[in-house]
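Text of my_file_5.cif (mmCIF, C-alpha atoms and all ligand atoms) as supplied:
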data_start
#
loop_
_atom_site.group_PDB
_atom_site.id
_atom_site.type_symbol
_atom_site.label_atom_id
_atom_site.label_comp_id
_atom_site.auth_asym_id
_atom_site.auth_seq_id
_atom_site.Cartn_x
_atom_site.Cartn_y
_atom_site.Cartn_z
ATOM 1 C CA MET A 227 0.000 0.000 0.000
ATOM 2 C CA ASP A 228 1.392 3.456 -0.832
ATOM 3 C CA GLU A 229 2.332 5.975 1.865
ATOM 4 C CA HIS A 230 -0.532 8.357 1.018
ATOM 5 C CA LYS A 231 -3.177 5.639 1.408
ATOM 6 C CA LEU A 232 -1.601 4.488 4.695
ATOM 7 C CA ARG A 233 -1.701 8.056 6.036
ATOM 8 C CA GLU A 234 -5.390 8.458 5.101
ATOM 9 C CA ILE A 235 -6.253 5.229 6.909
ATOM 10 C CA ALA A 236 -4.232 6.323 9.978
ATOM 11 C CA ILE A 237 -6.093 9.672 10.049
ATOM 12 C CA ASP A 238 -9.483 7.903 9.967
ATOM 13 C CA LEU A 239 -8.387 5.477 12.700
ATOM 14 C CA PHE A 240 -7.079 8.333 14.831
ATOM 15 C CA ILE A 241 -10.403 10.246 14.528
ATOM 16 C CA ASP A 242 -12.209 6.995 15.484
ATOM 17 C CA ALA A 243 -9.932 6.577 18.519
ATOM 18 C CA VAL A 244 -10.669 10.147 19.670
ATOM 19 C CA ARG A 245 -14.399 9.402 19.482
ATOM 20 C CA LEU A 246 -14.296 5.938 21.045
ATOM 21 C CA CYS A 247 -11.982 6.889 23.941
ATOM 22 C CA TYR A 248 -13.052 10.418 24.787
ATOM 23 C CA ASP A 249 -16.452 10.920 23.115
ATOM 24 C CA TYR A 250 -15.338 13.811 20.897
ATOM 25 C CA ASP A 251 -16.791 13.091 17.465
ATOM 26 C CA TYR A 252 -14.897 14.839 14.643
ATOM 27 C CA SER A 253 -16.234 12.538 11.916
ATOM 28 C CA GLY A 254 -18.581 15.263 10.622
ATOM 29 C CA TYR A 255 -15.843 17.881 10.234
ATOM 30 C CA ALA A 256 -14.831 19.022 6.738
ATOM 31 C CA LYS A 257 -12.282 16.452 5.564
ATOM 32 C CA ALA A 258 -9.534 18.588 3.990
ATOM 33 C CA SER A 259 -8.957 20.933 6.930
ATOM 34 C CA LEU A 260 -9.364 18.150 9.530
ATOM 35 C CA ARG A 261 -6.727 16.091 7.700
ATOM 36 C CA ARG A 262 -4.348 19.080 7.631
ATOM 37 C CA ARG A 263 -4.819 19.644 11.366
ATOM 38 C CA VAL A 264 -4.193 15.995 12.281
ATOM 39 C CA ILE A 265 -0.922 16.163 10.294
ATOM 40 C CA GLU A 266 0.057 19.417 12.079
ATOM 41 C CA LEU A 267 -0.765 17.824 15.456
ATOM 42 C CA CYS A 268 1.450 14.839 14.649
ATOM 43 C CA GLN A 269 4.379 17.091 13.706
ATOM 44 C CA SER A 270 3.973 19.514 16.618
ATOM 45 C CA GLN A 271 3.850 16.647 19.159
ATOM 46 C CA GLY A 272 7.030 15.060 17.783
ATOM 47 C CA PHE A 273 5.552 11.830 16.334
ATOM 48 C CA ASN A 274 6.965 10.354 13.118
ATOM 49 C CA HIS A 275 3.685 8.795 11.975
ATOM 50 C CA ILE A 276 0.025 9.509 12.654
ATOM 51 C CA ALA A 277 -0.502 5.848 13.584
ATOM 52 C CA GLU A 278 1.893 6.309 16.521
ATOM 53 C CA MET A 279 -0.543 8.760 18.094
ATOM 54 C CA ILE A 280 -3.252 6.099 18.451
ATOM 55 C CA PRO A 281 -1.730 3.893 21.199
ATOM 56 C CA TYR A 282 -0.351 7.047 22.840
ATOM 57 C CA LEU A 283 -3.859 8.579 22.926
ATOM 58 C CA LEU A 284 -5.296 5.380 24.401
ATOM 59 C CA ARG A 285 -2.798 5.332 27.286
ATOM 60 C CA ASN A 286 -2.450 9.080 27.960
ATOM 61 C CA PRO A 287 -5.759 10.843 28.683
ATOM 62 C CA ASP A 288 -3.965 14.230 28.936
ATOM 63 C CA PHE A 289 -3.090 13.983 25.262
ATOM 64 C CA ILE A 290 -6.735 14.824 24.457
ATOM 65 C CA ILE A 291 -5.983 18.455 25.437
ATOM 66 C CA PRO A 292 -3.536 19.202 22.573
ATOM 67 C CA VAL A 293 -5.727 17.076 20.299
ATOM 68 C CA ILE A 294 -8.779 19.300 20.932
ATOM 69 C CA ASN A 295 -6.623 22.433 20.686
ATOM 70 C CA HIS A 296 -5.436 21.412 17.243
ATOM 71 C CA LEU A 297 -8.659 20.014 15.864
ATOM 72 C CA SER A 298 -10.984 22.817 16.949
ATOM 73 C CA VAL A 299 -9.003 25.980 15.936
ATOM 74 C CA PRO A 300 -9.711 28.532 18.723
ATOM 75 C CA VAL A 301 -8.685 31.512 16.554
ATOM 76 C CA THR A 302 -10.627 34.720 17.175
ATOM 77 C CA LYS A 303 -10.523 38.528 17.371
ATOM 78 C CA MET A 304 -12.637 41.337 18.772
ATOM 79 C CA TYR A 305 -15.006 42.975 16.264
ATOM 80 C CA ARG A 306 -14.016 40.585 13.477
ATOM 81 C CA ASP A 307 -16.087 41.720 10.443
ATOM 82 C CA PRO A 308 -16.929 45.210 11.779
ATOM 83 C CA LEU A 309 -19.873 45.539 9.365
ATOM 84 C CA PHE A 310 -21.554 42.561 11.004
ATOM 85 C CA PHE A 311 -21.214 44.200 14.424
ATOM 86 C CA GLN A 312 -22.514 47.469 12.999
ATOM 87 C CA SER A 313 -25.605 45.684 11.663
ATOM 88 C CA LEU A 314 -26.090 43.956 15.019
ATOM 89 C CA ARG A 315 -25.817 47.277 16.839
ATOM 90 C CA GLU A 316 -28.038 49.286 14.511
ATOM 91 C CA LYS A 317 -30.628 46.794 13.239
ATOM 92 C CA ILE A 318 -30.920 43.885 15.670
ATOM 93 C CA PHE A 319 -30.450 45.552 19.074
ATOM 94 C CA PRO A 320 -33.450 47.890 18.538
ATOM 95 C CA LEU A 321 -35.576 44.749 17.980
ATOM 96 C CA LEU A 322 -34.148 43.062 21.082
ATOM 97 C CA LYS A 323 -35.111 46.123 23.119
ATOM 98 C CA THR A 324 -38.741 44.940 22.976
ATOM 99 C CA TYR A 325 -37.916 41.903 25.167
ATOM 100 C CA PRO A 326 -37.994 42.390 28.963
ATOM 101 C CA ILE A 327 -35.225 39.804 29.414
ATOM 102 C CA ILE A 328 -32.792 39.004 26.639
ATOM 103 C CA THR A 329 -30.969 35.694 26.364
ATOM 104 C CA LEU A 330 -27.941 35.422 24.118
ATOM 105 C CA TRP A 331 -25.985 32.273 23.209
ATOM 106 C CA ILE A 332 -22.542 32.614 21.674
ATOM 107 C CA ALA A 333 -21.615 29.132 20.447
ATOM 108 C CA GLY A 334 -17.997 28.415 19.504
ATOM 109 C CA CYS A 335 -16.804 31.388 21.553
ATOM 110 C CA ALA A 336 -13.120 30.321 21.543
ATOM 111 C CA THR A 337 -11.151 32.536 23.983
ATOM 112 C CA GLY A 338 -13.979 35.049 24.382
ATOM 113 C CA GLU A 339 -13.021 38.040 22.217
ATOM 114 C CA GLU A 340 -16.314 37.925 20.309
ATOM 115 C CA VAL A 341 -18.223 37.666 23.598
ATOM 116 C CA TRP A 342 -16.637 40.840 24.989
ATOM 117 C CA SER A 343 -17.293 42.610 21.672
ATOM 118 C CA VAL A 344 -21.033 41.938 21.948
ATOM 119 C CA ALA A 345 -21.241 42.511 25.713
ATOM 120 C CA ILE A 346 -19.627 45.951 25.344
ATOM 121 C CA MET A 347 -22.093 46.836 22.593
ATOM 122 C CA LEU A 348 -25.000 45.668 24.771
ATOM 123 C CA LYS A 349 -23.742 47.894 27.565
ATOM 124 C CA GLU A 350 -23.551 50.863 25.207
ATOM 125 C CA ALA A 351 -27.116 50.145 24.051
ATOM 126 C CA GLY A 352 -28.341 50.051 27.684
ATOM 127 C CA LEU A 353 -29.292 46.365 27.339
ATOM 128 C CA LEU A 354 -26.556 44.594 29.287
ATOM 129 C CA SER A 355 -28.281 44.699 32.667
ATOM 130 C CA ARG A 356 -31.265 42.702 31.355
ATOM 131 C CA THR A 357 -29.274 40.277 29.210
ATOM 132 C CA GLN A 358 -28.058 36.822 30.177
ATOM 133 C CA ILE A 359 -25.141 35.744 27.993
ATOM 134 C CA TYR A 360 -24.200 32.074 27.609
ATOM 135 C CA ALA A 361 -20.885 31.514 25.863
ATOM 136 C CA THR A 362 -19.883 27.956 24.975
ATOM 137 C CA ASP A 363 -17.117 26.076 23.228
ATOM 138 C CA ILE A 364 -16.005 22.476 22.826
ATOM 139 C CA ASN A 365 -12.476 23.377 23.974
ATOM 140 C CA PRO A 366 -12.110 23.458 27.810
ATOM 141 C CA ALA A 367 -8.744 25.280 27.601
ATOM 142 C CA ALA A 368 -10.262 28.042 25.434
ATOM 143 C CA VAL A 369 -13.219 28.361 27.833
ATOM 144 C CA ALA A 370 -10.857 28.634 30.827
ATOM 145 C CA THR A 371 -8.952 31.457 29.078
ATOM 146 C CA ALA A 372 -12.193 33.186 28.077
ATOM 147 C CA LYS A 373 -13.431 33.180 31.692
ATOM 148 C CA LYS A 374 -10.479 35.350 32.741
ATOM 149 C CA GLY A 375 -11.444 38.173 30.349
ATOM 150 C CA ILE A 376 -7.808 39.176 29.906
ATOM 151 C CA VAL A 377 -6.258 40.618 26.754
ATOM 152 C CA GLU A 378 -2.820 42.007 25.872
ATOM 153 C CA MET A 379 -2.679 45.807 25.572
ATOM 154 C CA GLU A 380 -1.116 45.551 22.108
ATOM 155 C CA LYS A 381 -4.097 43.549 20.900
ATOM 156 C CA LEU A 382 -6.559 45.953 22.512
ATOM 157 C CA LYS A 383 -5.033 48.778 20.497
ATOM 158 C CA GLU A 384 -5.504 46.769 17.314
ATOM 159 C CA TYR A 385 -9.100 45.876 18.295
ATOM 160 C CA SER A 386 -9.911 49.552 18.937
ATOM 161 C CA LYS A 387 -9.697 50.184 15.202
ATOM 162 C CA SER A 388 -12.309 47.498 14.441
ATOM 163 C CA TYR A 389 -14.446 48.730 17.346
ATOM 164 C CA PHE A 390 -14.646 52.195 15.724
ATOM 165 C CA GLU A 391 -15.306 50.632 12.310
ATOM 166 C CA SER A 392 -18.251 48.794 13.847
ATOM 167 C CA GLY A 393 -19.755 52.110 14.978
ATOM 168 C CA GLY A 394 -18.298 52.274 18.511
ATOM 169 C CA GLN A 395 -17.962 55.816 19.784
ATOM 170 C CA GLU A 396 -16.274 55.474 23.154
ATOM 171 C CA SER A 397 -12.799 54.242 23.977
ATOM 172 C CA LEU A 398 -12.506 50.456 24.094
ATOM 173 C CA LEU A 399 -10.008 50.884 26.939
ATOM 174 C CA ASP A 400 -12.836 52.291 29.107
ATOM 175 C CA TYR A 401 -14.198 48.746 29.427
ATOM 176 C CA TYR A 402 -10.922 47.309 30.722
ATOM 177 C CA ASN A 403 -8.877 47.604 33.910
ATOM 178 C CA ILE A 404 -5.318 47.962 32.714
ATOM 179 C CA ALA A 405 -2.235 46.661 34.556
ATOM 180 C CA TYR A 406 1.188 45.294 33.578
ATOM 181 C CA GLY A 407 0.541 45.443 29.832
ATOM 182 C CA TYR A 408 -2.780 43.590 30.018
ATOM 183 C CA GLY A 409 -6.414 44.634 30.151
ATOM 184 C CA ARG A 410 -9.102 42.802 32.126
ATOM 185 C CA VAL A 411 -12.701 43.412 31.136
ATOM 186 C CA THR A 412 -14.540 45.227 33.940
ATOM 187 C CA PRO A 413 -16.470 43.077 36.482
ATOM 188 C CA GLU A 414 -19.801 44.582 35.327
ATOM 189 C CA ILE A 415 -19.253 42.970 31.914
ATOM 190 C CA LEU A 416 -17.318 39.878 33.074
ATOM 191 C CA ASN A 417 -20.045 38.857 35.528
ATOM 192 C CA LYS A 418 -22.735 38.933 32.854
ATOM 193 C CA VAL A 419 -21.326 35.952 31.009
ATOM 194 C CA ASP A 420 -21.780 32.303 31.867
ATOM 195 C CA PHE A 421 -18.994 30.364 30.085
ATOM 196 C CA GLU A 422 -19.483 26.611 29.718
ATOM 197 C CA THR A 423 -18.032 23.778 27.668
ATOM 198 C CA HIS A 424 -20.637 22.513 25.203
ATOM 199 C CA ASN A 425 -20.233 20.320 22.147
ATOM 200 C CA LEU A 426 -22.475 21.308 19.240
ATOM 201 C CA VAL A 427 -22.088 17.809 17.777
ATOM 202 C CA SER A 428 -23.422 15.884 20.761
ATOM 203 C CA ASP A 429 -24.932 18.205 23.382
ATOM 204 C CA SER A 430 -28.483 19.464 23.351
ATOM 205 C CA SER A 431 -30.099 22.845 23.697
ATOM 206 C CA PHE A 432 -30.022 24.390 27.194
ATOM 207 C CA CYS A 433 -31.610 27.850 26.798
ATOM 208 C CA ARG A 434 -34.198 29.737 24.753
ATOM 209 C CA PRO A 435 -32.245 32.687 23.334
ATOM 210 C CA GLN A 436 -33.469 35.566 21.209
ATOM 211 C CA LEU A 437 -30.031 35.804 19.616
ATOM 212 C CA ILE A 438 -27.468 33.132 18.730
ATOM 213 C CA LEU A 439 -24.011 33.886 17.370
ATOM 214 C CA CYS A 440 -22.168 30.932 15.876
ATOM 215 C CA ARG A 441 -19.555 32.512 13.688
ATOM 216 C CA ASN A 442 -16.615 30.865 11.936
ATOM 217 C CA VAL A 443 -17.614 27.430 13.210
ATOM 218 C CA PHE A 444 -19.633 26.013 10.278
ATOM 219 C CA ILE A 445 -16.585 26.405 8.007
ATOM 220 C CA TYR A 446 -15.106 23.408 9.864
ATOM 221 C CA PHE A 447 -18.243 21.231 9.549
ATOM 222 C CA ASN A 448 -19.425 19.160 6.576
ATOM 223 C CA CYS A 449 -22.924 19.768 5.183
ATOM 224 C CA GLN A 450 -24.602 17.029 7.210
ATOM 225 C CA LEU A 451 -23.196 18.348 10.478
ATOM 226 C CA GLN A 452 -24.087 21.953 9.590
ATOM 227 C CA ASN A 453 -27.650 20.793 8.960
ATOM 228 C CA LYS A 454 -27.811 19.069 12.357
ATOM 229 C CA VAL A 455 -26.431 22.087 14.238
ATOM 230 C CA ILE A 456 -28.700 24.572 12.430
ATOM 231 C CA ASN A 457 -31.622 22.370 13.516
ATOM 232 C CA LEU A 458 -30.363 22.583 17.106
ATOM 233 C CA PHE A 459 -30.275 26.388 16.815
ATOM 234 C CA HIS A 460 -33.766 26.466 15.294
ATOM 235 C CA GLN A 461 -35.147 24.376 18.165
ATOM 236 C CA SER A 462 -33.373 26.562 20.729
ATOM 237 C CA LEU A 463 -34.253 30.012 19.376
ATOM 238 C CA ASP A 464 -37.249 31.933 20.555
ATOM 239 C CA ASN A 465 -39.793 32.592 17.788
ATOM 240 C CA GLY A 466 -38.550 35.495 15.699
ATOM 241 C CA GLY A 467 -35.050 35.094 17.181
ATOM 242 C CA PHE A 468 -31.856 35.766 15.246
ATOM 243 C CA LEU A 469 -29.065 33.462 14.119
ATOM 244 C CA CYS A 470 -25.753 35.053 13.150
ATOM 245 C CA ILE A 471 -23.052 33.252 11.197
ATOM 246 C CA SER A 472 -19.969 34.740 9.556
ATOM 247 C CA PRO A 473 -20.075 36.444 6.125
ATOM 248 C CA LYS A 474 -17.966 33.515 4.826
ATOM 249 C CA GLU A 475 -20.658 31.004 5.851
ATOM 250 C CA SER A 476 -24.194 30.276 4.646
ATOM 251 C CA LEU A 477 -27.276 28.216 5.476
ATOM 252 C CA THR A 478 -27.258 26.502 2.062
ATOM 253 C CA CYS A 479 -26.704 23.070 3.645
ATOM 254 C CA TYR A 480 -29.883 23.454 5.696
ATOM 255 C CA SER A 481 -32.744 21.294 4.432
ATOM 256 C CA GLN A 482 -35.611 23.235 6.098
ATOM 257 C CA LYS A 483 -35.348 26.331 3.909
ATOM 258 C CA ASN A 484 -38.502 27.938 5.330
ATOM 259 C CA ASN A 485 -37.256 27.883 8.914
ATOM 260 C CA PHE A 486 -35.084 30.984 8.508
ATOM 261 C CA ILE A 487 -35.210 34.121 6.403
ATOM 262 C CA ALA A 488 -32.116 36.137 5.555
ATOM 263 C CA LEU A 489 -32.284 39.605 7.116
ATOM 264 C CA ASN A 490 -28.800 40.544 5.982
ATOM 265 C CA ARG A 491 -27.177 37.745 4.025
ATOM 266 C CA LYS A 492 -23.920 39.672 3.558
ATOM 267 C CA ALA A 493 -23.480 40.134 7.296
ATOM 268 C CA GLY A 494 -24.722 36.577 8.019
ATOM 269 C CA ILE A 495 -27.886 37.540 9.949
ATOM 270 C CA PHE A 496 -30.953 35.269 9.724
ATOM 271 C CA GLN A 497 -34.284 35.225 11.542
ATOM 272 C CA LYS A 498 -36.193 32.197 12.772
ATOM 273 C CA GLN A 499 -39.591 31.739 11.216
ATOM 274 C CA GLY A 500 -42.011 30.754 13.941
ATOM 275 C CA HIS A 501 -45.729 30.419 14.366
ATOM 276 C CA ARG A 502 -46.364 34.048 15.266
ATOM 277 C CA LYS A 503 -46.705 35.115 11.623
ATOM 278 C CA LYS A 504 -48.013 38.567 12.420
ATOM 279 C CA GLU A 505 -45.060 39.460 14.631
ATOM 280 C CA LEU A 506 -42.621 38.193 12.012
ATOM 281 C CA GLN A 507 -44.187 40.318 9.300
ATOM 282 C CA ILE A 508 -43.490 43.359 11.422
ATOM 283 C CA ARG A 509 -40.049 42.293 12.609
ATOM 284 C CA GLY A 510 -38.910 40.472 9.501
ATOM 285 C CA SER A 511 -38.710 43.306 6.977
ATOM 286 C CA LYS A 512 -35.369 43.241 5.135
ATOM 287 C CA ILE A 513 -32.596 45.285 6.628
ATOM 288 C CA LYS A 514 -29.405 46.564 5.065
HETATM 289 C C1 LIG N 601 -12.440 29.868 14.490
HETATM 290 S S1 LIG N 601 -13.101 29.798 16.098
HETATM 291 C C2 LIG N 601 -14.365 31.016 16.006
HETATM 292 C C3 LIG N 601 -14.402 31.882 17.244
HETATM 293 C C4 LIG N 601 -15.418 33.025 17.219
HETATM 294 N N1 LIG N 601 -16.755 32.534 17.060
HETATM 295 C C5 LIG N 601 -15.096 34.007 16.132
HETATM 296 O O1 LIG N 601 -15.772 34.029 15.099
HETATM 297 O O2 LIG N 601 -14.142 34.779 16.304
HETATM 298 C C6 LIG N 601 -14.042 28.288 16.044
HETATM 299 C C7 LIG N 601 -14.419 27.802 17.428
HETATM 300 O O3 LIG N 601 -15.387 26.774 17.300
HETATM 301 C C8 LIG N 601 -15.154 25.826 18.312
HETATM 302 N N2 LIG N 601 -15.756 24.541 17.949
HETATM 303 C C9 LIG N 601 -15.351 23.671 17.002
HETATM 304 N N3 LIG N 601 -16.122 22.582 17.032
HETATM 305 C C10 LIG N 601 -17.043 22.773 18.000
HETATM 306 C C11 LIG N 601 -18.107 21.981 18.518
HETATM 307 N N4 LIG N 601 -18.370 20.775 18.041
HETATM 308 N N5 LIG N 601 -18.838 22.489 19.533
HETATM 309 C C12 LIG N 601 -18.577 23.712 20.045
HETATM 310 N N6 LIG N 601 -17.576 24.494 19.614
HETATM 311 C C13 LIG N 601 -16.817 24.027 18.591
HETATM 312 C C14 LIG N 601 -13.636 25.752 18.378
HETATM 313 O O4 LIG N 601 -13.166 25.202 19.591
HETATM 314 C C15 LIG N 601 -13.240 27.210 18.189
HETATM 315 O O5 LIG N 601 -13.065 27.852 19.409
#

Structure re-expressed in structure tokens:
Amino acid sequence: MDEHKLREIAIDLFIDAVRLCYDYDYSGYAKASLRRRVIELCQSQGFNHIAEMIPYLLRNPDFIIPVINHLSVPVTKMYRDPLFFQSLREKIFPLLKTYPIITLWIAGCATGEEVWSVAIMLKEAGLLSRTQIYATDINPAAVATAKKGIVEMEKLKEYSKSYFESGGQESLLDYYNIAYGYGRVTPEILNKVDFETHNLVSDSSFCRPQLILCRNVFIYFNCQLQNKVINLFHQSLDNGGFLCISPKESLTCYSQKNNFIALNRKAGIFQKQGHRKKELQIRGSKIK
């Protein structure tokens, strides 16, 4: 058997081992990028062959930590795609204002930068005090980092630019306590977020949000898995609630086309179609 074929088989066996031993199921992830990340993992951990990682994984439970870190890509930024955040601020927040209590679920939150971006905007809109934010990710290490709410000053300066591009008018630094070259998001904002590990592949819905952000996560999933997770979001969302994905992603894999309408396809903002038709006609008019 040639080397290439052997490597493909070893990758499949390794993904099976991760599922069978630790219950993390990556079989529905997009093949090409998953394959690349397994190869990177193998090199970064000093193995000569992917097959060598299988017995090692079986005998060393701690090895699952670098495995998840490599396979789930916790890369993020504050105010990534400023035009999306501008649309959220200007078009969606005024609709959320009509709810006495707002529940927000940020799925695939990585190390939390997106969470702080939205929480700061909610504070500026006067909505933070009546919002409960749930932020979840499959990666326990990313969730632990997110919980601290700490960011390097250098990065904060870079994020300030995107904050202004998204329509922010204050200073981003106002929302951080600064010391020793780092900023920590203020307790008022930090305490509003409940960070939890949650696996979109295997875990069920746990809240009834009016707004879900799941951005830059579907790009790693194949069509079947995207379909399953969009169904989970549809079941979870309140009627008339909003689902936000990244501008690079779409809902084209979703089989229940009538369950969502695009409010701003370019920004990745969709609205759940529920039973309350009348309310949706009012709330569902297209926005720019
Ligand atoms: C590229 S990051 C996106 C972070 C953030 N949403 C953003 O757009 O900046 C993708 C995140 O999805 C998470 N993820 C991947 N598979 C997941 C799953 N099955 N369940 C929950 N989170 C998952 C990864 O751990 C990673 O933190």

Enclose all atoms of ligand LIG 601 (chain N) listed in the file in an axis-aligned box, grow every side by 3 Å, and hand back centre and edge lengths in Å to one decimal, as AutoDock Vina command-line options.
--center_x -15.6 --center_y 27.8 --center_z 17.3 --size_x 12.4 --size_y 20.0 --size_z 11.6

Which residues are near ligand LIG 601 (chain N) - at most 6 Å, using only C-alpha atoms and all ligand atoms? Format: as a list in words.
Ser298, Val299, Pro300, Val301, Thr302, Lys303, Gly334, Cys335, Ala336, Glu340, Asp363, Ile364, Asn365, His424, Asn425, Leu426, Val427, Cys440, Arg441, Asn442 and Val443 of chain A

Could you please determine the separation between CA of Gln461 (chain A) and CA of Thr337 (chain A) in Å, to one decimal place?
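Atom-to-atom, CA of Gln461 (chain A) to CA of Thr337 (chain A), that is 26.0 Å.
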
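Counting all atoms listed in the file and comparing A:Lys257, A:His296, A:Pro287, A:Leu399, the residue that lies closest to Gln271 (chain A) is A:His296.
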
List every residue of region 398-461 of chain A that has an atom at most 8 Å from any atom of region 378-381 of chain A, and for each one report the closest atom pair and its distance in Å to one decimal, counting only C-alpha atoms, with rows sorted by chain and then by increasing residue number, as CSV.
residue,atom,partner,partner_atom,distance
A:Ile404,CA,A:Met379,CA,7.9
A:Gly407,CA,A:Met379,CA,5.4
A:Tyr408,CA,A:Glu378,CA,4.4
A:Gly409,CA,A:Met379,CA,6.0

CA of Leu284 (chain A) to CA of Val244 (chain A): how many Å, to one decimal?
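One can read the CA of Leu284 (chain A) to CA of Val244 (chain A) distance as 8.6 Å.
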
Separation of CA of Ile327 (chain A) from CA of Gly352 (chain A), in Å and rounded to one decimal:
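These two atoms are separated by 12.5 Å.
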
Considering only C-alpha atoms, state which residue in the set A:Met304, A:Ile376, A:Ile456, A:Ile445 is at the smallest distance from Ser388 (chain A).
A:Met304

List the neighbours of His275 (chain A) out to 12 Å using all atoms listed in the file; skip same-chain residues closer than 2 positions along the sequence, and give me the result as a PyMOL selection string.
chain A and resi 229-230+232-237+240+264-273+277-282

Minimum-distance residue to Ala333 (chain A), chosen among A:Arg306, A:Gly494, A:Thr362, A:Pro473 (using only C-alpha atoms):
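Closest residue, counting only C-alpha atoms: A:Thr362.
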
Can you tell me which residues surround Phe310 (chain A) at a distance of at most 8 Å, considering all atoms listed in the file, apart from same-chain residues fewer than 2 positions away, and format the answer as a ChimeraX atom specification?
/A:307-308,312-314,392,473,493-494

Given only C-alpha atoms as the counted atoms, nearest of A:Asn274, A:Gln436, A:Ser343, A:Thr478 to Leu398 (chain A):
A:Ser343

Return as an NGL selection string the set of residues that the PyMOL selection byres (((chain A and resi 396) around 12) and not hetatm) yields on the displayed structure.
:A and (346-347 or 349-350 or 386-387 or 389-395 or 397-401)

Give me, as a list in words, all polymer residues having an atom no more than 12 Å from Asn484 (chain A), counting all atoms listed in the file and skipping those fewer than 5 positions away in the same chain.
His460, Leu477, Thr478, Phe496, Gln497, Lys498, Gln499, Gly500 and His501 of chain A

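Using the PyMOL selection byres (((chain A and resi 431) around 9) and not hetatm) on the file at hand returns these residues: Leu426, Asp429, Ser430, Phe432, Cys433, Arg434, Leu458, Phe459, Gln461 and Ser462 of chain A.
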
Just the residues within 10 Å of Pro326 (chain A), please, counting all atoms listed in the file, with nothing from its chain fewer than 6 positions along; format it as an MDAnalysis selection string.
chainID A and resid 353 356:357

With distances taken over all atoms listed in the file, which residue among A:Ser259, A:Arg285, A:Gly254, A:Val344 lies nearest Lys454 (chain A)?
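Checking each candidate against Lys454 (chain A), we get A:Gly254 as the closest.
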
Using all atoms listed in the file, pick whichever of A:Trp331, A:Val369, A:Phe468, A:Tyr255 has the shortest atom-to-atom distance to Asn485 (chain A).
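The shortest atom-to-atom distance to Asn485 (chain A) comes from A:Phe468.
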
What would region 242-246 of chain A look like with all heavy atoms in place, written as a compact mmCIF listing (two decimals), in the coordinates of the input?
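Result file follows (selection.txt):
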# COMPACT_ATOMS: atom_id res chain seq x y z
N ASP A 242 -11.37 8.01 14.82
CA ASP A 242 -12.21 7.00 15.48
C ASP A 242 -11.78 6.81 16.93
O ASP A 242 -12.62 6.70 17.83
CB ASP A 242 -12.04 5.64 14.78
CG ASP A 242 -13.10 5.44 13.71
OD1 ASP A 242 -13.96 6.32 13.57
OD2 ASP A 242 -13.03 4.40 13.02
N ALA A 243 -10.46 6.78 17.16
CA ALA A 243 -9.93 6.58 18.52
C ALA A 243 -10.33 7.74 19.43
O ALA A 243 -10.71 7.53 20.59
CB ALA A 243 -8.42 6.42 18.47
N VAL A 244 -10.28 8.96 18.88
CA VAL A 244 -10.67 10.15 19.67
C VAL A 244 -12.14 10.02 20.09
O VAL A 244 -12.51 10.30 21.24
CB VAL A 244 -10.44 11.45 18.84
CG1 VAL A 244 -11.05 12.66 19.53
CG2 VAL A 244 -8.95 11.67 18.59
N ARG A 245 -12.96 9.54 19.18
CA ARG A 245 -14.40 9.40 19.48
C ARG A 245 -14.64 8.26 20.48
O ARG A 245 -15.34 8.44 21.47
CB ARG A 245 -15.17 9.14 18.18
CG ARG A 245 -16.67 8.93 18.36
CD ARG A 245 -17.38 8.77 17.02
NE ARG A 245 -16.81 7.70 16.21
CZ ARG A 245 -17.10 6.41 16.34
NH1 ARG A 245 -17.98 6.02 17.23
NH2 ARG A 245 -16.52 5.51 15.58
N LEU A 246 -14.03 7.11 20.21
CA LEU A 246 -14.30 5.94 21.04
C LEU A 246 -13.76 6.11 22.47
O LEU A 246 -14.39 5.69 23.43
CB LEU A 246 -13.69 4.68 20.41
CG LEU A 246 -14.36 4.24 19.11
CD1 LEU A 246 -13.55 3.16 18.41
CD2 LEU A 246 -15.78 3.73 19.39
